[in-house]
file input-v6.cif (mmCIF, C-alpha atoms)
data_work
#
loop_
_atom_site.group_PDB
_atom_site.id
_atom_site.type_symbol
_atom_site.label_atom_id
_atom_site.label_comp_id
_atom_site.auth_asym_id
_atom_site.auth_seq_id
_atom_site.Cartn_x
_atom_site.Cartn_y
_atom_site.Cartn_z
ATOM 1 C CA MET A 17 -111.858 39.010 -83.375
ATOM 2 C CA VAL A 18 -112.330 41.763 -85.937
ATOM 3 C CA GLY A 19 -111.495 45.195 -84.532
ATOM 4 C CA VAL A 20 -113.921 48.077 -85.064
ATOM 5 C CA VAL A 21 -113.157 51.780 -85.422
ATOM 6 C CA ILE A 22 -115.847 54.481 -85.320
ATOM 7 C CA VAL A 23 -114.833 57.622 -87.216
ATOM 8 C CA SER A 24 -116.861 60.781 -86.752
ATOM 9 C CA HIS A 25 -116.322 64.530 -87.008
ATOM 10 C CA SER A 26 -117.515 64.643 -83.425
ATOM 11 C CA GLN A 27 -115.402 63.136 -80.677
ATOM 12 C CA THR A 28 -118.383 62.767 -78.365
ATOM 13 C CA LEU A 29 -120.497 61.112 -81.075
ATOM 14 C CA ALA A 30 -117.780 58.537 -81.822
ATOM 15 C CA GLU A 31 -117.323 57.853 -78.108
ATOM 16 C CA GLY A 32 -121.090 57.634 -77.676
ATOM 17 C CA VAL A 33 -121.390 54.992 -80.387
ATOM 18 C CA VAL A 34 -118.648 52.996 -78.693
ATOM 19 C CA GLU A 35 -120.470 53.356 -75.363
ATOM 20 C CA LEU A 36 -123.729 52.140 -76.904
ATOM 21 C CA ALA A 37 -122.048 49.254 -78.726
ATOM 22 C CA LYS A 38 -120.346 48.101 -75.529
ATOM 23 C CA LEU A 39 -123.744 47.777 -73.842
ATOM 24 C CA MET A 40 -124.517 45.027 -76.344
ATOM 25 C CA ALA A 41 -121.004 43.639 -76.769
ATOM 26 C CA SER A 42 -118.865 44.426 -73.757
ATOM 27 C CA ASP A 43 -115.919 42.392 -75.007
ATOM 28 C CA ALA A 44 -115.892 43.861 -78.541
ATOM 29 C CA LYS A 45 -112.651 45.478 -79.683
ATOM 30 C CA ILE A 46 -114.228 48.790 -80.647
ATOM 31 C CA VAL A 47 -112.596 52.213 -80.354
ATOM 32 C CA ALA A 48 -113.534 55.789 -81.242
ATOM 33 C CA ALA A 49 -111.613 58.086 -83.598
ATOM 34 C CA GLY A 50 -113.711 61.232 -83.437
ATOM 35 C CA GLY A 51 -112.778 64.875 -83.797
ATOM 36 C CA LEU A 52 -109.340 66.422 -84.044
ATOM 37 C CA ASP A 53 -106.441 65.933 -81.644
ATOM 38 C CA ASP A 54 -107.623 68.851 -79.501
ATOM 39 C CA GLY A 55 -111.190 67.526 -79.422
ATOM 40 C CA THR A 56 -112.633 70.095 -81.822
ATOM 41 C CA PRO A 57 -114.813 68.831 -84.715
ATOM 42 C CA GLY A 58 -113.101 67.334 -87.738
ATOM 43 C CA THR A 59 -111.372 64.135 -88.752
ATOM 44 C CA SER A 60 -107.773 63.385 -87.883
ATOM 45 C CA PHE A 61 -105.507 61.136 -89.941
ATOM 46 C CA GLU A 62 -103.389 60.358 -86.850
ATOM 47 C CA LYS A 63 -106.358 59.550 -84.632
ATOM 48 C CA ILE A 64 -107.810 57.141 -87.191
ATOM 49 C CA TYR A 65 -104.403 55.589 -87.880
ATOM 50 C CA ASN A 66 -103.726 55.037 -84.187
ATOM 51 C CA ALA A 67 -107.223 53.671 -83.582
ATOM 52 C CA VAL A 68 -106.798 51.097 -86.351
ATOM 53 C CA GLU A 69 -103.412 50.096 -84.908
ATOM 54 C CA GLU A 70 -104.954 49.745 -81.468
ATOM 55 C CA VAL A 71 -107.561 47.148 -82.481
ATOM 56 C CA TYR A 72 -105.672 45.525 -85.357
ATOM 57 C CA SER A 73 -105.122 41.766 -85.536
ATOM 58 C CA ASP A 74 -104.893 39.190 -88.325
ATOM 59 C CA ASP A 75 -108.709 39.099 -88.315
ATOM 60 C CA GLY A 76 -108.662 42.653 -89.641
ATOM 61 C CA VAL A 77 -110.400 45.906 -88.812
ATOM 62 C CA ALA A 78 -113.783 47.282 -89.891
ATOM 63 C CA VAL A 79 -114.212 51.061 -89.995
ATOM 64 C CA LEU A 80 -117.531 52.906 -89.923
ATOM 65 C CA MET A 81 -117.428 56.594 -90.864
ATOM 66 C CA ASP A 82 -119.864 59.482 -90.820
ATOM 67 C CA MET A 83 -119.490 61.732 -93.860
ATOM 68 C CA GLY A 84 -117.171 63.682 -96.146
ATOM 69 C CA SER A 85 -113.666 63.947 -94.795
ATOM 70 C CA ALA A 86 -114.325 61.052 -92.415
ATOM 71 C CA VAL A 87 -114.568 58.811 -95.471
ATOM 72 C CA MET A 88 -111.714 60.438 -97.388
ATOM 73 C CA THR A 89 -109.320 60.528 -94.441
ATOM 74 C CA THR A 90 -110.070 56.880 -93.638
ATOM 75 C CA GLU A 91 -109.294 56.021 -97.266
ATOM 76 C CA MET A 92 -105.918 57.735 -96.909
ATOM 77 C CA VAL A 93 -105.163 55.849 -93.692
ATOM 78 C CA ILE A 94 -105.949 52.555 -95.447
ATOM 79 C CA GLU A 95 -103.673 53.539 -98.339
ATOM 80 C CA ALA A 96 -100.921 54.397 -95.864
ATOM 81 C CA MET A 97 -101.368 50.974 -94.217
ATOM 82 C CA GLU A 98 -101.323 49.131 -97.522
ATOM 83 C CA GLY A 99 -101.314 45.358 -97.231
ATOM 84 C CA ARG A 100 -103.227 45.324 -93.937
ATOM 85 C CA LYS A 101 -106.721 43.866 -93.675
ATOM 86 C CA ILE A 102 -108.892 46.967 -93.206
ATOM 87 C CA VAL A 103 -112.369 47.475 -94.647
ATOM 88 C CA MET A 104 -114.616 50.547 -94.723
ATOM 89 C CA LEU A 105 -118.259 49.695 -94.117
ATOM 90 C CA ASP A 106 -121.015 51.731 -95.747
ATOM 91 C CA GLY A 107 -123.948 52.375 -93.489
ATOM 92 C CA PRO A 108 -125.457 54.167 -90.494
ATOM 93 C CA VAL A 109 -122.825 54.839 -87.843
ATOM 94 C CA VAL A 110 -124.996 54.261 -84.778
ATOM 95 C CA GLU A 111 -127.006 51.181 -85.774
ATOM 96 C CA GLY A 112 -124.141 49.868 -87.884
ATOM 97 C CA GLY A 113 -121.666 50.383 -85.059
ATOM 98 C CA VAL A 114 -123.785 48.420 -82.604
ATOM 99 C CA VAL A 115 -124.405 45.557 -85.043
ATOM 100 C CA VAL A 116 -120.795 45.327 -86.172
ATOM 101 C CA ALA A 117 -119.463 45.327 -82.606
ATOM 102 C CA LEU A 118 -121.892 42.583 -81.671
ATOM 103 C CA GLU A 119 -121.168 40.471 -84.748
ATOM 104 C CA ALA A 120 -117.414 40.936 -84.416
ATOM 105 C CA SER A 121 -117.507 39.894 -80.771
ATOM 106 C CA LEU A 122 -119.419 36.740 -81.809
ATOM 107 C CA GLY A 123 -116.695 35.873 -84.301
ATOM 108 C CA THR A 124 -118.305 36.973 -87.561
ATOM 109 C CA PRO A 125 -115.509 37.434 -90.124
ATOM 110 C CA LEU A 126 -114.662 40.781 -91.682
ATOM 111 C CA GLU A 127 -115.954 39.701 -95.101
ATOM 112 C CA GLU A 128 -119.507 39.242 -93.776
ATOM 113 C CA LEU A 129 -119.845 42.492 -91.844
ATOM 114 C CA GLN A 130 -121.040 44.713 -94.707
ATOM 115 C CA GLU A 131 -124.027 42.411 -95.134
ATOM 116 C CA LYS A 132 -124.865 42.843 -91.428
ATOM 117 C CA VAL A 133 -124.637 46.627 -91.745
ATOM 118 C CA ASP A 134 -126.972 46.489 -94.757
ATOM 119 C CA GLU A 135 -129.480 44.596 -92.634
ATOM 120 C CA ALA A 136 -129.135 47.178 -89.874
ATOM 121 C CA ARG A 137 -129.799 49.953 -92.390
ATOM 122 C CA ASP A 138 -132.942 48.253 -93.685
ATOM 123 C CA THR A 139 -134.406 47.376 -90.310
ATOM 124 C CA LYS A 140 -137.503 49.474 -89.699
ATOM 125 C CA LYS A 141 -137.969 51.106 -86.320
ATOM 126 C CA LEU A 142 -141.650 51.838 -86.835
ATOM 127 C CA ASP A 143 -144.263 49.472 -88.170
ATOM 128 C CA ASN A 144 -145.810 51.779 -90.758
ATOM 129 C CA MET B 29 -91.681 77.263 -104.262
ATOM 130 C CA ILE B 30 -91.265 77.877 -100.528
ATOM 131 C CA ASP B 31 -92.000 81.581 -101.032
ATOM 132 C CA ILE B 32 -95.075 80.769 -103.114
ATOM 133 C CA LEU B 33 -96.424 78.439 -100.423
ATOM 134 C CA LYS B 34 -95.775 81.049 -97.743
ATOM 135 C CA ALA B 35 -97.650 83.587 -99.865
ATOM 136 C CA ILE B 36 -100.557 81.148 -100.247
ATOM 137 C CA ALA B 37 -100.582 80.615 -96.477
ATOM 138 C CA ALA B 38 -100.683 84.385 -95.940
ATOM 139 C CA LYS B 39 -103.516 84.785 -98.458
ATOM 140 C CA ILE B 40 -105.559 81.964 -96.879
ATOM 141 C CA ASP B 41 -105.015 83.492 -93.452
ATOM 142 C CA GLU B 42 -106.108 86.898 -94.729
ATOM 143 C CA GLU B 43 -109.283 85.433 -96.273
ATOM 144 C CA LYS B 44 -109.935 82.984 -93.441
ATOM 145 C CA ASP B 45 -113.026 84.731 -92.124
ATOM 146 C CA TYR B 46 -114.477 85.230 -95.595
ATOM 147 C CA LEU B 47 -113.997 81.535 -96.487
ATOM 148 C CA THR B 48 -115.598 80.503 -93.220
ATOM 149 C CA GLU B 49 -118.500 82.858 -93.864
ATOM 150 C CA LEU B 50 -119.030 81.342 -97.336
ATOM 151 C CA ASP B 51 -118.905 77.862 -95.814
ATOM 152 C CA ASN B 52 -121.316 78.847 -93.049
ATOM 153 C CA GLU B 53 -123.921 79.773 -95.623
ATOM 154 C CA ILE B 54 -124.047 76.345 -97.212
ATOM 155 C CA ALA B 55 -122.260 73.848 -94.992
ATOM 156 C CA ASP B 56 -120.467 73.461 -91.682
ATOM 157 C CA GLY B 57 -118.475 76.689 -91.658
ATOM 158 C CA ASP B 58 -115.050 75.272 -91.044
ATOM 159 C CA HIS B 59 -113.285 75.865 -94.355
ATOM 160 C CA GLY B 60 -111.462 79.108 -93.575
ATOM 161 C CA VAL B 61 -110.328 78.175 -90.101
ATOM 162 C CA ASN B 62 -109.341 74.652 -91.177
ATOM 163 C CA MET B 63 -107.365 75.855 -94.181
ATOM 164 C CA ALA B 64 -105.581 78.509 -92.134
ATOM 165 C CA LYS B 65 -104.677 75.937 -89.512
ATOM 166 C CA GLY B 66 -103.369 73.567 -92.192
ATOM 167 C CA PHE B 67 -101.265 76.183 -93.940
ATOM 168 C CA ASP B 68 -99.897 77.437 -90.607
ATOM 169 C CA ALA B 69 -98.603 73.926 -90.052
ATOM 170 C CA VAL B 70 -97.177 73.893 -93.597
ATOM 171 C CA VAL B 71 -95.353 77.195 -93.003
ATOM 172 C CA ALA B 72 -93.842 75.785 -89.822
ATOM 173 C CA LYS B 73 -92.209 73.051 -91.904
ATOM 174 C CA LEU B 74 -91.103 75.119 -94.905
ATOM 175 C CA ASP B 75 -87.861 76.596 -93.620
ATOM 176 C CA ALA B 76 -86.512 73.141 -92.941
ATOM 177 C CA MET B 77 -87.327 72.298 -96.570
ATOM 178 C CA ALA B 78 -84.951 74.911 -98.022
ATOM 179 C CA GLY B 79 -82.817 73.438 -100.798
ATOM 180 C CA LYS B 80 -85.142 70.466 -101.329
ATOM 181 C CA ASP B 81 -86.639 69.802 -104.781
ATOM 182 C CA ILE B 82 -90.100 71.093 -105.650
ATOM 183 C CA GLY B 83 -91.551 67.583 -105.569
ATOM 184 C CA SER B 84 -90.465 66.970 -101.970
ATOM 185 C CA ILE B 85 -91.717 70.365 -100.842
ATOM 186 C CA LEU B 86 -95.164 69.791 -102.395
ATOM 187 C CA LYS B 87 -95.350 66.275 -101.003
ATOM 188 C CA THR B 88 -94.588 67.488 -97.489
ATOM 189 C CA THR B 89 -97.175 70.241 -97.946
ATOM 190 C CA GLY B 90 -99.794 67.655 -98.931
ATOM 191 C CA MET B 91 -99.038 65.310 -96.056
ATOM 192 C CA THR B 92 -99.146 68.189 -93.605
ATOM 193 C CA LEU B 93 -102.538 69.341 -94.925
ATOM 194 C CA VAL B 94 -103.943 65.818 -94.567
ATOM 195 C CA SER B 95 -102.822 65.679 -90.930
ATOM 196 C CA THR B 96 -103.890 69.123 -89.870
ATOM 197 C CA VAL B 97 -106.852 70.511 -91.837
ATOM 198 C CA GLY B 98 -109.511 68.255 -90.317
ATOM 199 C CA GLY B 99 -112.249 68.900 -92.900
ATOM 200 C CA SER B 100 -112.730 67.640 -96.444
ATOM 201 C CA ALA B 101 -110.208 70.163 -97.726
ATOM 202 C CA GLY B 102 -107.497 68.171 -95.893
ATOM 203 C CA PRO B 103 -107.682 64.937 -97.859
ATOM 204 C CA LEU B 104 -108.644 66.790 -101.051
ATOM 205 C CA TYR B 105 -105.940 69.472 -101.154
ATOM 206 C CA GLY B 106 -103.564 67.072 -99.406
ATOM 207 C CA THR B 107 -103.969 64.516 -102.189
ATOM 208 C CA ALA B 108 -103.688 67.288 -104.792
ATOM 209 C CA PHE B 109 -100.359 68.568 -103.438
ATOM 210 C CA MET B 110 -99.012 65.042 -102.996
ATOM 211 C CA LYS B 111 -99.910 64.104 -106.589
ATOM 212 C CA ALA B 112 -98.429 67.339 -107.943
ATOM 213 C CA GLY B 113 -95.324 66.669 -105.863
ATOM 214 C CA ALA B 114 -94.953 63.181 -107.316
ATOM 215 C CA LYS B 115 -95.126 64.730 -110.804
ATOM 216 C CA LEU B 116 -92.389 67.259 -110.005
ATOM 217 C CA ALA B 117 -90.088 64.888 -108.104
ATOM 218 C CA GLY B 118 -86.444 65.857 -108.454
ATOM 219 C CA LYS B 119 -87.155 69.210 -110.130
ATOM 220 C CA ASN B 120 -85.731 72.465 -108.829
ATOM 221 C CA GLU B 121 -87.289 74.671 -111.511
ATOM 222 C CA MET B 122 -90.779 74.574 -112.967
ATOM 223 C CA ASP B 123 -91.657 75.544 -116.553
ATOM 224 C CA GLY B 124 -95.057 75.847 -118.223
ATOM 225 C CA LYS B 125 -95.218 72.214 -119.193
ATOM 226 C CA ASP B 126 -94.328 71.170 -115.626
ATOM 227 C CA LEU B 127 -97.115 73.299 -114.217
ATOM 228 C CA VAL B 128 -99.610 71.800 -116.681
ATOM 229 C CA ASP B 129 -98.508 68.293 -115.651
ATOM 230 C CA ALA B 130 -98.601 69.126 -111.944
ATOM 231 C CA LEU B 131 -102.051 70.719 -112.116
ATOM 232 C CA GLU B 132 -103.367 67.795 -114.125
ATOM 233 C CA ALA B 133 -102.061 65.369 -111.498
ATOM 234 C CA ALA B 134 -103.494 67.504 -108.692
ATOM 235 C CA ILE B 135 -106.951 67.600 -110.300
ATOM 236 C CA GLY B 136 -106.783 63.853 -110.938
ATOM 237 C CA GLY B 137 -106.058 63.368 -107.249
ATOM 238 C CA ILE B 138 -109.014 65.499 -106.174
ATOM 239 C CA GLN B 139 -111.348 63.661 -108.559
ATOM 240 C CA MET B 140 -110.131 60.302 -107.290
ATOM 241 C CA ARG B 141 -110.357 61.245 -103.611
ATOM 242 C CA GLY B 142 -113.657 63.139 -103.789
ATOM 243 C CA LYS B 143 -115.227 61.019 -106.535
ATOM 244 C CA ALA B 144 -116.306 64.338 -107.977
ATOM 245 C CA THR B 145 -116.478 66.038 -111.333
ATOM 246 C CA THR B 146 -117.229 69.553 -112.581
ATOM 247 C CA GLY B 147 -120.703 71.056 -112.146
ATOM 248 C CA GLU B 148 -121.117 69.799 -108.586
ATOM 249 C CA LYS B 149 -120.186 73.087 -106.881
ATOM 250 C CA THR B 150 -116.732 72.136 -105.702
ATOM 251 C CA MET B 151 -113.125 73.291 -106.045
ATOM 252 C CA LEU B 152 -113.062 71.443 -109.377
ATOM 253 C CA ASP B 153 -115.296 74.134 -110.872
ATOM 254 C CA ALA B 154 -112.413 76.582 -110.428
ATOM 255 C CA LEU B 155 -109.522 74.196 -111.066
ATOM 256 C CA CYS B 156 -110.709 72.402 -114.215
ATOM 257 C CA PRO B 157 -111.378 75.518 -116.323
ATOM 258 C CA ALA B 158 -108.081 76.953 -115.052
ATOM 259 C CA PHE B 159 -106.277 73.809 -116.165
ATOM 260 C CA ASP B 160 -107.902 73.930 -119.618
ATOM 261 C CA ALA B 161 -106.892 77.579 -120.077
ATOM 262 C CA LEU B 162 -103.343 76.954 -118.850
ATOM 263 C CA LYS B 163 -102.859 73.941 -121.080
ATOM 264 C CA GLU B 164 -104.223 75.762 -124.116
ATOM 265 C CA GLY B 165 -101.932 78.737 -123.513
ATOM 266 C CA ILE B 166 -98.799 76.678 -122.922
ATOM 267 C CA GLU B 167 -99.472 74.485 -125.943
ATOM 268 C CA ALA B 168 -99.958 77.612 -128.072
ATOM 269 C CA GLY B 169 -96.473 78.716 -127.033
ATOM 270 C CA GLU B 170 -97.459 81.485 -124.603
ATOM 271 C CA ASP B 171 -95.095 82.181 -121.758
ATOM 272 C CA LEU B 172 -95.981 80.820 -118.332
ATOM 273 C CA LYS B 173 -97.139 84.095 -116.853
ATOM 274 C CA ASP B 174 -99.558 84.899 -119.720
ATOM 275 C CA ALA B 175 -100.998 81.401 -119.754
ATOM 276 C CA LEU B 176 -101.343 81.376 -115.983
ATOM 277 C CA ALA B 177 -103.074 84.767 -116.029
ATOM 278 C CA LYS B 178 -105.723 83.266 -118.315
ATOM 279 C CA ALA B 179 -105.994 80.278 -115.995
ATOM 280 C CA VAL B 180 -106.573 82.553 -113.012
ATOM 281 C CA LYS B 181 -109.298 84.390 -114.937
ATOM 282 C CA ALA B 182 -110.907 81.044 -115.820
ATOM 283 C CA ALA B 183 -110.792 80.040 -112.147
ATOM 284 C CA GLU B 184 -112.403 83.320 -111.151
ATOM 285 C CA ASP B 185 -115.177 82.722 -113.693
ATOM 286 C CA GLY B 186 -115.480 79.211 -112.282
ATOM 287 C CA VAL B 187 -116.026 80.617 -108.791
ATOM 288 C CA GLU B 188 -118.785 82.867 -110.186
ATOM 289 C CA TYR B 189 -120.292 79.835 -111.927
ATOM 290 C CA THR B 190 -120.570 78.001 -108.589
ATOM 291 C CA LYS B 191 -123.122 80.611 -107.513
ATOM 292 C CA THR B 192 -125.468 79.448 -110.262
ATOM 293 C CA ILE B 193 -125.462 75.742 -109.523
ATOM 294 C CA LYS B 194 -126.697 73.380 -106.856
ATOM 295 C CA ALA B 195 -124.258 71.464 -104.671
ATOM 296 C CA THR B 196 -124.380 67.717 -105.257
ATOM 297 C CA LYS B 197 -121.119 66.803 -103.496
ATOM 298 C CA GLY B 198 -119.942 67.494 -99.997
ATOM 299 C CA ARG B 199 -121.771 68.823 -96.987
ATOM 300 C CA ALA B 200 -123.486 71.544 -99.035
ATOM 301 C CA SER B 201 -125.416 68.863 -100.935
ATOM 302 C CA TYR B 202 -127.600 68.408 -97.837
ATOM 303 C CA ILE B 203 -129.251 71.764 -98.482
ATOM 304 C CA GLY B 204 -129.800 70.954 -102.171
ATOM 305 C CA ASP B 205 -131.449 73.742 -104.190
ATOM 306 C CA ARG B 206 -130.954 76.177 -101.316
ATOM 307 C CA SER B 207 -127.231 76.166 -102.124
ATOM 308 C CA ILE B 208 -127.942 77.996 -105.394
ATOM 309 C CA GLY B 209 -126.918 81.645 -105.157
ATOM 310 C CA HIS B 210 -124.035 80.903 -102.806
ATOM 311 C CA GLN B 211 -120.413 80.866 -103.862
ATOM 312 C CA ASP B 212 -118.522 77.665 -103.164
ATOM 313 C CA PRO B 213 -115.794 78.109 -100.532
ATOM 314 C CA GLY B 214 -113.616 75.312 -101.947
ATOM 315 C CA ALA B 215 -113.649 76.845 -105.428
ATOM 316 C CA THR B 216 -112.830 80.182 -103.800
ATOM 317 C CA SER B 217 -109.790 78.870 -101.938
ATOM 318 C CA ALA B 218 -108.593 77.108 -105.107
ATOM 319 C CA PHE B 219 -108.854 80.427 -106.953
ATOM 320 C CA TYR B 220 -106.843 82.172 -104.211
ATOM 321 C CA MET B 221 -104.072 79.603 -104.581
ATOM 322 C CA LEU B 222 -103.804 80.080 -108.342
ATOM 323 C CA GLU B 223 -104.004 83.865 -108.014
ATOM 324 C CA THR B 224 -101.204 83.831 -105.427
ATOM 325 C CA LEU B 225 -99.117 81.521 -107.614
ATOM 326 C CA LEU B 226 -99.449 84.000 -110.494
ATOM 327 C CA ALA B 227 -98.497 86.960 -108.313
ATOM 328 C CA ASN B 228 -95.368 85.206 -107.035
ATOM 329 C CA ILE B 229 -94.053 83.391 -110.071
#

call {"tool": "encode", "arguments": {"input": "input-v6.cif", "output": "structure tokens"}}
result
Amino acid sequence: MVGVVIVSHSQTLAEGVVELAKLMASDAKIVAAGGLDDGTPGTSFEKIYNAVEEVYSDDGVAVLMDMGSAVMTTEMVIEAMEGRKIVMLDGPVVEGGVVVALEASLGTPLEELQEKVDEARDTKKLDN
Amino acid sequence: MIDILKAIAAKIDEEKDYLTELDNEIADGDHGVNMAKGFDAVVAKLDAMAGKDIGSILKTTGMTLVSTVGGSAGPLYGTAFMKAGAKLAGKNEMDGKDLVDALEAAIGGIQMRGKATTGEKTMLDALCPAFDALKEGIEAGEDLKDALAKAVKAAEDGVEYTKTIKATKGRASYIGDRSIGHQDPGATSAFYMLETLLANI
């Protein structure tokens, strides 16, 4: 099963996305890497690195990030873990996180997850 | 190099509140505090680096910034110092040409990491004109201090220039046109670093 890491500047936001995703996919391997080591806002190289390690398997890991340094720091983690199967997904963290956790838990391979996130982004919540 | 980095850390700490205030106006207001935290962590490692080559010292500085800054400045300055360090690997002295090479590598790292270019209200608006001025001076045979003084002036002008443009990269881009009139905190911290380098070289 593909592992999923949620990276956010906010620890509580990242944990909240994991909480929400687990409602839909209780057996998903999804973990939060939000905030700095002391819980204050920011993105932490170590937290992201350790989160990827925690859910890593040969099926790979998908990472969803919020903005700015969340993206850049994740890039640096992936560079530091060169040779491992880790992919950054581009999309909304909340909807994307839920969809990716669900798909991963159903056995969807890493290569197909970006497409699922794109669908989640384009899904309308209101009819108009 | 260790003394220069300590001086930069002291300067960042001194200007911490000002940088945070600049960042508060257009973005999330963490630049000063984050940078001070990062450079504190760098200073804590510097004494153990005594006797090491410039490349290793800069590389350690970069890796420490990545781990401790927490905002965009972490990966950006972290990559910059790591790239500059790779350029100066094995060197114990730095001449004009070395500084040109190191700054070029640092800017390349920031552009790669931030996918940014000049005119987007970022640290590049201070660093790129500074690099051009430094390179021109060194290639014209000026000594390092004269060329670097021109680079610092170019960086200062670059900081002023950021007041006139709209942010299209980073958190400040969310406020769009309303960022015009505000000075970019990243360009400001980049200017402080070059200014401190000049004063301590």

call {"tool": "resolve_selection", "arguments": {"input": "input-v6.cif", "expression": "the PyMOL selection byres ((chain A and resi 118) around 8)", "output": "list of chain:residue names"}}
result
A:Ala37, A:Met40, A:Ala41, A:Ala44, A:Val114, A:Val115, A:Val116, A:Ala117, A:Glu119, A:Ala120, A:Ser121, A:Leu122

call {"tool": "interface_residues", "arguments": {"input": "input-v6.cif", "of": "chain B", "to": "chain A", "cutoff": "7 Å", "atoms": "all atoms listed in the file", "output": "list in words"}}
result
Val94, Ser95, Gly98, Gly99, Ser100, Pro103, Arg141, Gly198 and Arg199 of chain B

call {"tool": "residues_near_point", "arguments": {"input": "input-v6.cif", "point": "(-114.9, 45.8, -95.2)", "cutoff": "10 Å", "atoms": "only C-alpha atoms", "output": "compact mmCIF listing (two decimals) with C-alpha atoms, in the frame of the given file"}}
result
# COMPACT_ATOMS: atom_id res chain seq x y z
CA GLY A 76 -108.66 42.65 -89.64
CA VAL A 77 -110.40 45.91 -88.81
CA ALA A 78 -113.78 47.28 -89.89
CA VAL A 79 -114.21 51.06 -90.00
CA LEU A 80 -117.53 52.91 -89.92
CA LYS A 101 -106.72 43.87 -93.68
CA ILE A 102 -108.89 46.97 -93.21
CA VAL A 103 -112.37 47.48 -94.65
CA MET A 104 -114.62 50.55 -94.72
CA LEU A 105 -118.26 49.70 -94.12
CA ASP A 106 -121.02 51.73 -95.75
CA PRO A 125 -115.51 37.43 -90.12
CA LEU A 126 -114.66 40.78 -91.68
CA GLU A 127 -115.95 39.70 -95.10
CA GLU A 128 -119.51 39.24 -93.78
CA LEU A 129 -119.84 42.49 -91.84
CA GLN A 130 -121.04 44.71 -94.71
CA GLU A 131 -124.03 42.41 -95.13

call {"tool": "residues_near_point", "arguments": {"input": "input-v6.cif", "point": "(-114.9, 60.7, -79.1)", "cutoff": "9 Å", "atoms": "only C-alpha atoms", "output": "list in words"}}
result
Ile22, Val23, Ser24, His25, Ser26, Gln27, Thr28, Leu29, Ala30, Glu31, Gly32, Val33, Val34, Val47, Ala48, Ala49, Gly50, Gly51 and Gly55 of chain A

call {"tool": "resolve_selection", "arguments": {"input": "input-v6.cif", "expression": "the PyMOL selection byres ((chain B and resi 211) around 10)", "output": "PyMOL selection string"}}
result
chain B and resi 47+50-51+53-54+149-150+186-193+207-210+212-216

call {"tool": "write_last_selection", "arguments": {"input": "input-v6.cif", "atoms": "C-alpha atoms", "output": "PDB file, in the coordinates of the input"}}
result
ATOM      1  CA  LEU B  47    -113.997  81.535 -96.487  1.00  0.00           C
ATOM      2  CA  LEU B  50    -119.030  81.342 -97.336  1.00  0.00           C
ATOM      3  CA  ASP B  51    -118.905  77.862 -95.814  1.00  0.00           C
ATOM      4  CA  GLU B  53    -123.921  79.773 -95.623  1.00  0.00           C
ATOM      5  CA  ILE B  54    -124.047  76.345 -97.212  1.00  0.00           C
ATOM      6  CA  LYS B 149    -120.186  73.087-106.881  1.00  0.00           C
ATOM      7  CA  THR B 150    -116.732  72.136-105.702  1.00  0.00           C
ATOM      8  CA  GLY B 186    -115.480  79.211-112.282  1.00  0.00           C
ATOM      9  CA  VAL B 187    -116.026  80.617-108.791  1.00  0.00           C
ATOM     10  CA  GLU B 188    -118.785  82.867-110.186  1.00  0.00           C
ATOM     11  CA  TYR B 189    -120.292  79.835-111.927  1.00  0.00           C
ATOM     12  CA  THR B 190    -120.570  78.001-108.589  1.00  0.00           C
ATOM     13  CA  LYS B 191    -123.122  80.611-107.513  1.00  0.00           C
ATOM     14  CA  THR B 192    -125.468  79.448-110.262  1.00  0.00           C
ATOM     15  CA  ILE B 193    -125.462  75.742-109.523  1.00  0.00           C
ATOM     16  CA  SER B 207    -127.231  76.166-102.124  1.00  0.00           C
ATOM     17  CA  ILE B 208    -127.942  77.996-105.394  1.00  0.00           C
ATOM     18  CA  GLY B 209    -126.918  81.645-105.157  1.00  0.00           C
ATOM     19  CA  HIS B 210    -124.035  80.903-102.806  1.00  0.00           C
ATOM     20  CA  ASP B 212    -118.522  77.665-103.164  1.00  0.00           C
ATOM     21  CA  PRO B 213    -115.794  78.109-100.532  1.00  0.00           C
ATOM     22  CA  GLY B 214    -113.616  75.312-101.947  1.00  0.00           C
ATOM     23  CA  ALA B 215    -113.649  76.845-105.428  1.00  0.00           C
ATOM     24  CA  THR B 216    -112.830  80.182-103.800  1.00  0.00           C
TER      25      THR B 216
END

call {"tool": "residues_around", "arguments": {"input": "input-v6.cif", "residues": "Val71 (chain A)", "least_positions_apart": "3", "cutoff": "9 Å", "atoms": "all atoms listed in the file", "output": "PyMOL selection string"}}
result
chain A and resi 18-21+45-47+66-68+76-77

call {"tool": "write_last_selection", "arguments": {"input": "input-v6.cif", "atoms": "C-alpha atoms", "output": "PDB file, in the coordinates of the input"}}
result
ATOM      1  CA  VAL A  18    -112.330  41.763 -85.937  1.00  0.00           C
ATOM      2  CA  GLY A  19    -111.495  45.195 -84.532  1.00  0.00           C
ATOM      3  CA  VAL A  20    -113.921  48.077 -85.064  1.00  0.00           C
ATOM      4  CA  VAL A  21    -113.157  51.780 -85.422  1.00  0.00           C
ATOM      5  CA  LYS A  45    -112.651  45.478 -79.683  1.00  0.00           C
ATOM      6  CA  ILE A  46    -114.228  48.790 -80.647  1.00  0.00           C
ATOM      7  CA  VAL A  47    -112.596  52.213 -80.354  1.00  0.00           C
ATOM      8  CA  ASN A  66    -103.726  55.037 -84.187  1.00  0.00           C
ATOM      9  CA  ALA A  67    -107.223  53.671 -83.582  1.00  0.00           C
ATOM     10  CA  VAL A  68    -106.798  51.097 -86.351  1.00  0.00           C
ATOM     11  CA  GLY A  76    -108.662  42.653 -89.641  1.00  0.00           C
ATOM     12  CA  VAL A  77    -110.400  45.906 -88.812  1.00  0.00           C
TER      13      VAL A  77
END

call {"tool": "atom_distance", "arguments": {"input": "input-v6.cif", "atom1": "CA of Asp75 (chain A)", "atom2": "CA of Gly113 (chain A)"}}
result
17.5 Å
